[in-house]
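Next comes work.pdb, with PDB, C-alpha atoms.
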```
MODEL        1
ATOM      1  CA  MET A   1    -116.269 125.645 162.153  1.00  0.00           C
ATOM      2  CA  LYS A   2    -115.003 127.462 159.124  1.00  0.00           C
ATOM      3  CA  SER A   3    -111.512 125.967 159.550  1.00  0.00           C
ATOM      4  CA  LYS A   4    -112.983 122.417 159.471  1.00  0.00           C
ATOM      5  CA  SER A   5    -114.763 123.201 156.204  1.00  0.00           C
ATOM      6  CA  VAL A   6    -111.588 124.602 154.628  1.00  0.00           C
ATOM      7  CA  PHE A   7    -109.628 121.610 155.939  1.00  0.00           C
ATOM      8  CA  LYS A   8    -112.154 119.182 154.336  1.00  0.00           C
ATOM      9  CA  LYS A   9    -111.958 121.035 151.021  1.00  0.00           C
ATOM     10  CA  VAL A  10    -108.168 120.927 151.050  1.00  0.00           C
ATOM     11  CA  ILE A  11    -108.223 117.185 151.840  1.00  0.00           C
ATOM     12  CA  CYS A  12    -110.716 116.609 149.006  1.00  0.00           C
ATOM     13  CA  ILE A  13    -108.556 118.555 146.557  1.00  0.00           C
ATOM     14  CA  ILE A  14    -105.451 116.617 147.618  1.00  0.00           C
ATOM     15  CA  MET A  15    -107.303 113.298 147.183  1.00  0.00           C
ATOM     16  CA  VAL A  16    -108.525 114.273 143.713  1.00  0.00           C
ATOM     17  CA  LEU A  17    -105.016 115.331 142.673  1.00  0.00           C
ATOM     18  CA  LEU A  18    -103.492 112.122 144.015  1.00  0.00           C
ATOM     19  CA  PHE A  19    -106.101 109.998 142.257  1.00  0.00           C
ATOM     20  CA  ALA A  20    -105.656 111.897 138.990  1.00  0.00           C
ATOM     21  CA  GLY A  21    -101.879 111.616 139.292  1.00  0.00           C
ATOM     22  CA  ASN A  22    -102.083 107.858 139.818  1.00  0.00           C
ATOM     23  CA  PHE A  23    -104.431 107.517 136.839  1.00  0.00           C
ATOM     24  CA  VAL A  24    -102.025 109.444 134.598  1.00  0.00           C
ATOM     25  CA  ASN A  25     -99.089 107.365 135.852  1.00  0.00           C
ATOM     26  CA  ALA A  26    -101.032 104.157 135.189  1.00  0.00           C
ATOM     27  CA  GLN A  27    -101.768 105.283 131.637  1.00  0.00           C
ATOM     28  CA  ASN A  28     -98.125 106.244 131.099  1.00  0.00           C
ATOM     29  CA  ALA A  29     -96.964 102.914 132.533  1.00  0.00           C
ATOM     30  CA  LYS A  30     -99.345 101.060 130.196  1.00  0.00           C
ATOM     31  CA  ASP A  31     -98.125 103.069 127.174  1.00  0.00           C
ATOM     32  CA  GLU A  32     -94.499 102.516 128.169  1.00  0.00           C
ATOM     33  CA  LYS A  33     -95.125  98.761 128.424  1.00  0.00           C
ATOM     34  CA  ILE A  34     -96.678  98.673 124.946  1.00  0.00           C
ATOM     35  CA  ILE A  35     -93.793 100.706 123.518  1.00  0.00           C
ATOM     36  CA  GLU A  36     -91.256  98.344 125.110  1.00  0.00           C
ATOM     37  CA  ASP A  37     -93.196  95.312 123.822  1.00  0.00           C
ATOM     38  CA  CYS A  38     -93.203  96.868 120.313  1.00  0.00           C
ATOM     39  CA  LYS A  39     -89.419  97.175 120.395  1.00  0.00           C
ATOM     40  CA  LYS A  40     -89.127  93.511 121.384  1.00  0.00           C
ATOM     41  CA  ALA A  41     -91.638  92.462 118.709  1.00  0.00           C
ATOM     42  CA  LYS A  42     -89.732  94.372 116.021  1.00  0.00           C
ATOM     43  CA  THR A  43     -86.525  92.626 117.108  1.00  0.00           C
ATOM     44  CA  GLU A  44     -88.263  89.223 116.968  1.00  0.00           C
ATOM     45  CA  PHE A  45     -89.689  89.887 113.491  1.00  0.00           C
ATOM     46  CA  ILE A  46     -86.235  90.848 112.193  1.00  0.00           C
ATOM     47  CA  LYS A  47     -84.547  87.966 114.025  1.00  0.00           C
ATOM     48  CA  THR A  48     -86.921  85.492 112.360  1.00  0.00           C
ATOM     49  CA  ASP A  49     -86.591  87.036 108.882  1.00  0.00           C
ATOM     50  CA  ASN A  50     -83.682  89.434 108.413  1.00  0.00           C
ATOM     51  CA  LEU A  51     -85.304  90.785 105.230  1.00  0.00           C
ATOM     52  CA  MET A  52     -87.880  92.557 107.421  1.00  0.00           C
ATOM     53  CA  GLN A  53     -85.193  95.051 108.450  1.00  0.00           C
ATOM     54  CA  SER A  54     -85.577  96.783 105.072  1.00  0.00           C
ATOM     55  CA  LEU A  55     -89.382  96.856 105.416  1.00  0.00           C
ATOM     56  CA  PHE A  56     -89.118  98.643 108.752  1.00  0.00           C
ATOM     57  CA  LYS A  57     -86.585 101.039 107.251  1.00  0.00           C
ATOM     58  CA  ASP A  58     -88.168 101.686 103.829  1.00  0.00           C
ATOM     59  CA  SER A  59     -91.927 101.648 104.470  1.00  0.00           C
ATOM     60  CA  TYR A  60     -93.662 104.996 104.875  1.00  0.00           C
ATOM     61  CA  GLY A  61     -95.115 103.808 108.155  1.00  0.00           C
ATOM     62  CA  TYR A  62     -96.110 100.782 110.160  1.00  0.00           C
ATOM     63  CA  VAL A  63     -98.069  99.686 113.215  1.00  0.00           C
ATOM     64  CA  ILE A  64     -96.907  96.941 115.543  1.00  0.00           C
ATOM     65  CA  PHE A  65     -99.340  94.986 117.711  1.00  0.00           C
ATOM     66  CA  PRO A  66     -96.935  93.117 120.015  1.00  0.00           C
ATOM     67  CA  ASN A  67     -99.517  91.140 122.011  1.00  0.00           C
ATOM     68  CA  VAL A  68    -102.708  90.044 120.313  1.00  0.00           C
ATOM     69  CA  GLY A  69    -104.863  87.571 122.188  1.00  0.00           C
ATOM     70  CA  LYS A  70    -107.295  85.392 120.277  1.00  0.00           C
ATOM     71  CA  GLY A  71    -109.871  82.865 121.445  1.00  0.00           C
ATOM     72  CA  ALA A  72    -112.801  81.027 119.921  1.00  0.00           C
ATOM     73  CA  ILE A  73    -115.468  78.413 120.259  1.00  0.00           C
ATOM     74  CA  GLY A  74    -117.413  78.768 117.003  1.00  0.00           C
ATOM     75  CA  ILE A  75    -117.437  82.544 117.309  1.00  0.00           C
ATOM     76  CA  GLY A  76    -114.057  84.064 117.918  1.00  0.00           C
ATOM     77  CA  GLY A  77    -112.542  87.322 118.912  1.00  0.00           C
ATOM     78  CA  ALA A  78    -109.134  88.895 119.163  1.00  0.00           C
ATOM     79  CA  ALA A  79    -107.818  92.181 120.463  1.00  0.00           C
ATOM     80  CA  GLY A  80    -104.532  93.982 120.876  1.00  0.00           C
ATOM     81  CA  ASN A  81    -102.919  97.376 121.405  1.00  0.00           C
ATOM     82  CA  GLY A  82    -100.068  98.765 119.372  1.00  0.00           C
ATOM     83  CA  ILE A  83     -97.970 101.734 118.380  1.00  0.00           C
ATOM     84  CA  VAL A  84     -98.076 103.540 115.024  1.00  0.00           C
ATOM     85  CA  PHE A  85     -94.881 104.792 113.361  1.00  0.00           C
ATOM     86  CA  GLU A  86     -94.555 107.291 110.510  1.00  0.00           C
ATOM     87  CA  GLU A  87     -91.174 107.576 108.809  1.00  0.00           C
ATOM     88  CA  GLY A  88     -89.629 105.760 111.784  1.00  0.00           C
ATOM     89  CA  LYS A  89     -91.126 108.023 114.483  1.00  0.00           C
ATOM     90  CA  MET A  90     -93.838 107.075 116.984  1.00  0.00           C
ATOM     91  CA  ILE A  91     -96.950 109.119 116.244  1.00  0.00           C
ATOM     92  CA  GLY A  92     -99.810 107.370 118.019  1.00  0.00           C
ATOM     93  CA  ALA A  93    -101.483 104.347 119.521  1.00  0.00           C
ATOM     94  CA  ALA A  94    -103.790 101.827 117.885  1.00  0.00           C
ATOM     95  CA  LYS A  95    -106.307  99.246 118.996  1.00  0.00           C
ATOM     96  CA  MET A  96    -107.216  96.191 116.971  1.00  0.00           C
ATOM     97  CA  LYS A  97    -110.393  94.161 117.358  1.00  0.00           C
ATOM     98  CA  GLN A  98    -111.260  91.060 115.401  1.00  0.00           C
ATOM     99  CA  LEU A  99    -114.433  89.041 115.080  1.00  0.00           C
ATOM    100  CA  SER A 100    -114.680  85.739 113.247  1.00  0.00           C
ATOM    101  CA  ILE A 101    -117.210  82.987 112.740  1.00  0.00           C
ATOM    102  CA  GLY A 102    -116.823  79.425 111.532  1.00  0.00           C
ATOM    103  CA  PHE A 103    -115.201  76.220 112.670  1.00  0.00           C
ATOM    104  CA  GLN A 104    -112.711  77.346 115.288  1.00  0.00           C
ATOM    105  CA  LEU A 105    -111.632  76.267 118.717  1.00  0.00           C
ATOM    106  CA  GLY A 106    -108.799  77.292 120.989  1.00  0.00           C
ATOM    107  CA  GLY A 107    -106.729  80.269 121.907  1.00  0.00           C
ATOM    108  CA  GLN A 108    -103.463  81.794 120.857  1.00  0.00           C
ATOM    109  CA  ALA A 109    -101.229  84.774 121.277  1.00  0.00           C
ATOM    110  CA  TYR A 110     -99.474  86.395 118.353  1.00  0.00           C
ATOM    111  CA  ARG A 111     -97.886  89.632 117.200  1.00  0.00           C
ATOM    112  CA  GLU A 112     -98.800  91.508 114.053  1.00  0.00           C
ATOM    113  CA  VAL A 113     -97.180  94.261 112.002  1.00  0.00           C
ATOM    114  CA  ILE A 114     -98.848  96.222 109.214  1.00  0.00           C
ATOM    115  CA  PHE A 115     -96.613  98.127 106.799  1.00  0.00           C
ATOM    116  CA  PHE A 116     -97.929 101.148 104.881  1.00  0.00           C
ATOM    117  CA  GLU A 117     -96.419 101.745 101.464  1.00  0.00           C
ATOM    118  CA  ASP A 118     -97.192 105.454 101.277  1.00  0.00           C
ATOM    119  CA  GLU A 119     -98.771 108.416 103.036  1.00  0.00           C
ATOM    120  CA  ASP A 120    -102.236 107.698 101.587  1.00  0.00           C
ATOM    121  CA  ALA A 121    -102.312 104.175 103.047  1.00  0.00           C
ATOM    122  CA  LEU A 122    -101.196 105.422 106.467  1.00  0.00           C
ATOM    123  CA  ASN A 123    -103.727 108.268 106.356  1.00  0.00           C
ATOM    124  CA  ARG A 124    -106.571 105.790 105.712  1.00  0.00           C
ATOM    125  CA  PHE A 125    -105.462 103.998 108.868  1.00  0.00           C
ATOM    126  CA  LYS A 126    -105.147 107.217 110.898  1.00  0.00           C
ATOM    127  CA  GLU A 127    -108.620 108.345 109.799  1.00  0.00           C
ATOM    128  CA  ASN A 128    -110.049 105.075 111.188  1.00  0.00           C
ATOM    129  CA  ASN A 129    -111.191 104.164 107.660  1.00  0.00           C
ATOM    130  CA  PHE A 130    -109.184 100.993 107.665  1.00  0.00           C
ATOM    131  CA  GLU A 131    -110.259  97.438 108.241  1.00  0.00           C
ATOM    132  CA  PHE A 132    -109.453  94.023 106.869  1.00  0.00           C
ATOM    133  CA  SER A 133    -112.105  91.771 105.460  1.00  0.00           C
ATOM    134  CA  ALA A 134    -112.084  88.014 105.008  1.00  0.00           C
ATOM    135  CA  GLN A 135    -110.092  88.429 101.779  1.00  0.00           C
ATOM    136  CA  ALA A 136    -107.087  89.953 103.549  1.00  0.00           C
ATOM    137  CA  SER A 137    -104.541  87.665 105.080  1.00  0.00           C
ATOM    138  CA  ALA A 138    -101.351  88.007 107.011  1.00  0.00           C
ATOM    139  CA  VAL A 139     -98.152  86.276 106.005  1.00  0.00           C
ATOM    140  CA  ALA A 140     -96.712  84.118 108.778  1.00  0.00           C
ATOM    141  CA  VAL A 141     -93.184  85.303 109.488  1.00  0.00           C
ATOM    142  CA  LYS A 142     -90.462  82.714 109.025  1.00  0.00           C
ATOM    143  CA  ALA A 143     -87.031  82.882 107.407  1.00  0.00           C
ATOM    144  CA  GLY A 144     -87.363  84.294 103.876  1.00  0.00           C
ATOM    145  CA  ALA A 145     -91.108  84.958 104.179  1.00  0.00           C
ATOM    146  CA  THR A 146     -90.808  88.564 103.022  1.00  0.00           C
ATOM    147  CA  ALA A 147     -88.795  87.805  99.879  1.00  0.00           C
ATOM    148  CA  ASN A 148     -91.787  87.597  97.505  1.00  0.00           C
ATOM    149  CA  VAL A 149     -94.462  89.555  99.379  1.00  0.00           C
ATOM    150  CA  LYS A 150     -95.818  92.681  97.686  1.00  0.00           C
ATOM    151  CA  TYR A 151     -97.929  95.570  98.928  1.00  0.00           C
ATOM    152  CA  ARG A 152    -101.635  95.099  98.280  1.00  0.00           C
ATOM    153  CA  GLU A 153    -103.676  98.294  98.226  1.00  0.00           C
ATOM    154  CA  GLY A 154    -100.788 100.018  99.978  1.00  0.00           C
ATOM    155  CA  VAL A 155    -100.447  97.587 102.896  1.00  0.00           C
ATOM    156  CA  MET A 156     -98.530  94.466 103.809  1.00  0.00           C
ATOM    157  CA  VAL A 157     -99.382  92.392 106.898  1.00  0.00           C
ATOM    158  CA  PHE A 158     -97.246  89.901 108.819  1.00  0.00           C
ATOM    159  CA  SER A 159     -98.034  87.870 111.920  1.00  0.00           C
ATOM    160  CA  GLN A 160     -95.927  85.723 114.201  1.00  0.00           C
ATOM    161  CA  GLN A 161     -97.353  83.193 116.625  1.00  0.00           C
ATOM    162  CA  LYS A 162     -96.182  83.498 120.206  1.00  0.00           C
ATOM    163  CA  GLY A 163     -98.073  80.602 121.796  1.00  0.00           C
ATOM    164  CA  GLY A 164    -101.280  78.653 122.094  1.00  0.00           C
ATOM    165  CA  LEU A 165    -103.166  76.320 119.809  1.00  0.00           C
ATOM    166  CA  MET A 166    -105.988  77.268 117.484  1.00  0.00           C
ATOM    167  CA  TYR A 167    -107.971  75.124 115.057  1.00  0.00           C
ATOM    168  CA  GLU A 168    -109.603  77.413 112.584  1.00  0.00           C
ATOM    169  CA  ALA A 169    -111.537  77.523 109.314  1.00  0.00           C
ATOM    170  CA  SER A 170    -113.354  80.811 109.644  1.00  0.00           C
ATOM    171  CA  ILE A 171    -114.059  84.171 108.110  1.00  0.00           C
ATOM    172  CA  GLY A 172    -113.979  87.496 109.835  1.00  0.00           C
ATOM    173  CA  GLY A 173    -112.424  90.890 109.872  1.00  0.00           C
ATOM    174  CA  GLN A 174    -110.216  93.251 111.832  1.00  0.00           C
ATOM    175  CA  LYS A 175    -111.156  96.804 112.802  1.00  0.00           C
ATOM    176  CA  PHE A 176    -108.645  99.394 113.950  1.00  0.00           C
ATOM    177  CA  ASP A 177    -108.853 102.584 116.007  1.00  0.00           C
ATOM    178  CA  TYR A 178    -106.059 105.164 115.930  1.00  0.00           C
ATOM    179  CA  THR A 179    -105.306 107.807 118.566  1.00  0.00           C
ATOM    180  CA  GLU A 180    -102.614 110.409 117.947  1.00  0.00           C
ATOM    181  CA  PHE A 181    -100.093 111.036 120.731  1.00  0.00           C
ATOM    182  CA  GLU A 182    -100.504 114.443 122.329  1.00  0.00           C
TER     183      GLU A 182
ENDMDL
END
```
Can the structure in the file be given as structure tokens, please?
Amino acid sequence: MKSKSVFKKVICIIMVLLFAGNFVNAQNAKDEKIIEDCKKAKTEFIKTDNLMQSLFKDSYGYVIFPNVGKGAIGIGGAAGNGIVFEEGKMIGAAKMKQLSIGFQLGGQAYREVIFFEDEDALNRFKENNFEFSAQASAVAVKAGATANVKYREGVMVFSQQKGGLMYEASIGGQKFDYTEFE
């Protein structure tokens, strides 16, 4: 009888370890996919406007959201996951959520990059004290788009449409959550 009880405990422990291992691998696979998508998004931003190369190189930090999905019928929402870089090195993950209200209909996919001019601007983001209001806007990336863009309150935002169709005259805001890599 005792051997059956020990056997059951061993099986339970093995199952828990296998489940936990698969969960960790799933998280790593998800992170790896986002990292790979960020590399592709960075390449696409630079390909569209070569001047962005210097922004990636010279900014104190940046966050790339390679796949943001947005949809609306009157009230809209968007969300995406990204990777945060400080002085060119990956330091953490970020989540973006957006809520908007107004005349809007449709859905679209886009990528977004936020550049931080200095350590203070990046620290505001990392402390989760960072959000955009209706007054903030992203510059649509096309050839030469970055030539006359300046930092505003330590940040510069660019977006690039990937697909979809959206009719929109709305106001809203974006909220960000940062998680440092362990």
Original post:
Can you list, as a PyMOL selection string, the residues that the PyMOL selection byres ((chain A and resi 104-114) around 8) selects here?
Top reply: chain A and resi 41+62-76+101-103+115-116+155-170
Subject >> Best match for closeness to Met96 of chain A among A:Phe181, A:Phe130, A:Phe56, A:Phe45, counting all atoms listed in the file >> reply: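 Among A:Phe181, A:Phe130, A:Phe56, A:Phe45, it is A:Phe130 that comes nearest to Met96 of chain A.
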Original post:
Restricting the calculation to all atoms listed in the file, which member of A:Leu55, A:Ala93, A:Ala79, A:Ile46 is positioned closest to Asp31 of chain A?
Top reply: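 The shortest atom-to-atom distance to Asp31 of chain A comes from A:Ala93.
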**OP:** Calculate how many Å separate atom CA of Arg124 of chain A from atom CA of Ala78 of chain A, rounding to one decimal.
**Re:** 21.7 Å
Subject >> Residue with smallest distance to Asp118 of chain A - pool A:Met90, A:Gln98, A:Tyr60, A:Glu131, counting all atoms listed in the file >> reply: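 Using all atoms listed in the file, the shortest distance to Asp118 of chain A belongs to A:Tyr60.
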Subject >> Separation of atom CA of Leu99 of chain A from atom CA of Asp37 of chain A in Å >> reply: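 Those two atoms sit 23.8 Å apart.
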Original post:
Out of A:Asn50, A:Lys57, A:Gly77, A:Gln174, which residue has the shortest atom-to-atom distance to Lys89 of chain A when counting all atoms listed in the file?
Top reply: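 Of the candidates, the smallest distance to Lys89 of chain A is held by A:Lys57.
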Subject >> Pairwise distance for atom CA of Glu86 of chain A and atom CA of Phe125 of chain A, rounded to one decimal in Å >> reply: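 Interatomic distance here is 11.5 Å.
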**OP:** Could you check which of A:Glu119, A:Cys38, A:Lys30, A:Lys175 is closest to Gly82 of chain A, using all atoms listed in the file?
**Re:**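 Among the listed residues, A:Cys38 lies closest to Gly82 of chain A.
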Original post:
Which is closest to Gly88 of chain A among A:Gly173, A:Gly154, A:Glu117, A:Asp58, if we use only C-alpha atoms?
Top reply: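 Nearest to Gly88 of chain A: A:Asp58.
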How big is the axis-aligned box around all listed atoms of segment 44-53 of chain A once 3 Å goes on each side, and where's its centre, in Å to one decimal, as lines of an AutoDock Vina configuration file?
```
center_x = -86.7
center_y = 90.3
center_z = 111.1
size_x = 12.0
size_y = 15.6
size_z = 17.7
```
Subject >> the PyMOL selection byres ((chain A and resi 92) around 9) resolved against shown file, as a list in words >> reply: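 Selected by the PyMOL selection byres ((chain A and resi 92) around 9) here: Gly82, Ile83, Val84, Phe85, Met90, Ile91, Ala93, Ala94, Lys126, Tyr178, Thr179, Glu180, Phe181 and Glu182 of chain A.
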Incomplete segment 83-116 of chain A brought to N, CA and C atoms, written out as an mmCIF file, in the frame of the given file:
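part-v7.cif, written as the output of this step:
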```
data_model
loop_
_atom_site.group_PDB
_atom_site.id
_atom_site.type_symbol
_atom_site.label_atom_id
_atom_site.label_comp_id
_atom_site.auth_asym_id
_atom_site.auth_seq_id
_atom_site.Cartn_x
_atom_site.Cartn_y
_atom_site.Cartn_z
ATOM 1 N N ILE A 83 -98.535 100.405 118.594
ATOM 2 C CA ILE A 83 -97.970 101.734 118.380
ATOM 3 C C ILE A 83 -97.805 101.962 116.879
ATOM 4 N N VAL A 84 -98.153 103.173 116.431
ATOM 5 C CA VAL A 84 -98.076 103.540 115.024
ATOM 6 C C VAL A 84 -96.824 104.390 114.806
ATOM 7 N N PHE A 85 -96.104 104.080 113.722
ATOM 8 C CA PHE A 85 -94.881 104.792 113.361
ATOM 9 C C PHE A 85 -95.037 105.393 111.968
ATOM 10 N N GLU A 86 -94.579 106.630 111.812
ATOM 11 C CA GLU A 86 -94.555 107.291 110.510
ATOM 12 C C GLU A 86 -93.132 107.745 110.255
ATOM 13 N N GLU A 87 -92.563 107.282 109.152
ATOM 14 C CA GLU A 87 -91.174 107.576 108.809
ATOM 15 C C GLU A 87 -90.246 107.321 109.994
ATOM 16 N N GLY A 88 -90.486 106.193 110.684
ATOM 17 C CA GLY A 88 -89.629 105.760 111.784
ATOM 18 C C GLY A 88 -89.899 106.391 113.139
ATOM 19 N N LYS A 89 -90.840 107.335 113.218
ATOM 20 C CA LYS A 89 -91.126 108.023 114.483
ATOM 21 C C LYS A 89 -92.492 107.602 115.026
ATOM 22 N N MET A 90 -92.562 107.408 116.342
ATOM 23 C CA MET A 90 -93.838 107.075 116.984
ATOM 24 C C MET A 90 -94.779 108.269 116.887
ATOM 25 N N ILE A 91 -95.998 108.011 116.386
ATOM 26 C CA ILE A 91 -96.950 109.119 116.244
ATOM 27 C C ILE A 91 -98.264 108.873 116.975
ATOM 28 N N GLY A 92 -98.537 107.617 117.365
ATOM 29 C CA GLY A 92 -99.810 107.370 118.019
ATOM 30 C C GLY A 92 -99.976 105.935 118.467
ATOM 31 N N ALA A 93 -101.139 105.681 119.029
ATOM 32 C CA ALA A 93 -101.483 104.347 119.521
ATOM 33 C C ALA A 93 -102.624 103.796 118.675
ATOM 34 N N ALA A 94 -102.726 102.480 118.653
ATOM 35 C CA ALA A 94 -103.790 101.827 117.885
ATOM 36 C C ALA A 94 -104.369 100.670 118.681
ATOM 37 N N LYS A 95 -105.635 100.413 118.416
ATOM 38 C CA LYS A 95 -106.307 99.246 118.996
ATOM 39 C C LYS A 95 -106.834 98.417 117.844
ATOM 40 N N MET A 96 -106.712 97.107 117.982
ATOM 41 C CA MET A 96 -107.216 96.191 116.971
ATOM 42 C C MET A 96 -108.247 95.282 117.615
ATOM 43 N N LYS A 97 -109.361 95.096 116.917
ATOM 44 C CA LYS A 97 -110.393 94.161 117.358
ATOM 45 C C LYS A 97 -110.719 93.270 116.172
ATOM 46 N N GLN A 98 -110.948 92.006 116.460
ATOM 47 C CA GLN A 98 -111.260 91.060 115.401
ATOM 48 C C GLN A 98 -112.451 90.212 115.814
ATOM 49 N N LEU A 99 -113.299 89.927 114.862
ATOM 50 C CA LEU A 99 -114.433 89.041 115.080
ATOM 51 C C LEU A 99 -114.429 88.034 113.950
ATOM 52 N N SER A 100 -114.642 86.773 114.271
ATOM 53 C CA SER A 100 -114.680 85.739 113.247
ATOM 54 C C SER A 100 -115.753 84.720 113.587
ATOM 55 N N ILE A 101 -116.202 84.019 112.555
ATOM 56 C CA ILE A 101 -117.210 82.987 112.740
ATOM 57 C C ILE A 101 -116.867 81.813 111.827
ATOM 58 N N GLY A 102 -117.121 80.626 112.303
ATOM 59 C CA GLY A 102 -116.823 79.425 111.532
ATOM 60 C C GLY A 102 -116.352 78.326 112.456
ATOM 61 N N PHE A 103 -115.731 77.300 111.867
ATOM 62 C CA PHE A 103 -115.201 76.220 112.670
ATOM 63 C C PHE A 103 -113.890 76.688 113.292
ATOM 64 N N GLN A 104 -113.915 76.886 114.594
ATOM 65 C CA GLN A 104 -112.711 77.346 115.288
ATOM 66 C C GLN A 104 -112.816 77.008 116.764
ATOM 67 N N LEU A 105 -111.679 76.653 117.315
ATOM 68 C CA LEU A 105 -111.632 76.267 118.717
ATOM 69 C C LEU A 105 -110.220 76.477 119.231
ATOM 70 N N GLY A 106 -110.109 77.141 120.364
ATOM 71 C CA GLY A 106 -108.799 77.292 120.989
ATOM 72 C C GLY A 106 -108.477 78.731 121.323
ATOM 73 N N GLY A 107 -107.216 78.941 121.582
ATOM 74 C CA GLY A 107 -106.729 80.269 121.907
ATOM 75 C C GLY A 107 -105.273 80.398 121.525
ATOM 76 N N GLN A 108 -104.859 81.576 121.203
ATOM 77 C CA GLN A 108 -103.463 81.794 120.857
ATOM 78 C C GLN A 108 -103.071 83.247 121.106
ATOM 79 N N ALA A 109 -101.799 83.435 121.173
ATOM 80 C CA ALA A 109 -101.229 84.774 121.277
ATOM 81 C C ALA A 109 -100.288 84.952 120.084
ATOM 82 N N TYR A 110 -100.364 86.121 119.480
ATOM 83 C CA TYR A 110 -99.474 86.395 118.353
ATOM 84 C C TYR A 110 -99.153 87.879 118.300
ATOM 85 N N ARG A 111 -98.211 88.229 117.459
ATOM 86 C CA ARG A 111 -97.886 89.632 117.200
ATOM 87 C C ARG A 111 -98.160 89.901 115.732
ATOM 88 N N GLU A 112 -98.460 91.149 115.431
ATOM 89 C CA GLU A 112 -98.800 91.508 114.053
ATOM 90 C C GLU A 112 -98.164 92.847 113.721
ATOM 91 N N VAL A 113 -97.699 92.978 112.487
ATOM 92 C CA VAL A 113 -97.180 94.261 112.002
ATOM 93 C C VAL A 113 -97.831 94.531 110.649
ATOM 94 N N ILE A 114 -98.261 95.779 110.474
ATOM 95 C CA ILE A 114 -98.848 96.222 109.214
ATOM 96 C C ILE A 114 -97.949 97.321 108.666
ATOM 97 N N PHE A 115 -97.452 97.124 107.448
ATOM 98 C CA PHE A 115 -96.613 98.127 106.799
ATOM 99 C C PHE A 115 -97.465 98.933 105.826
ATOM 100 N N PHE A 116 -97.226 100.253 105.788
ATOM 101 C CA PHE A 116 -97.929 101.148 104.881
ATOM 102 C C PHE A 116 -96.950 101.635 103.830
#
```
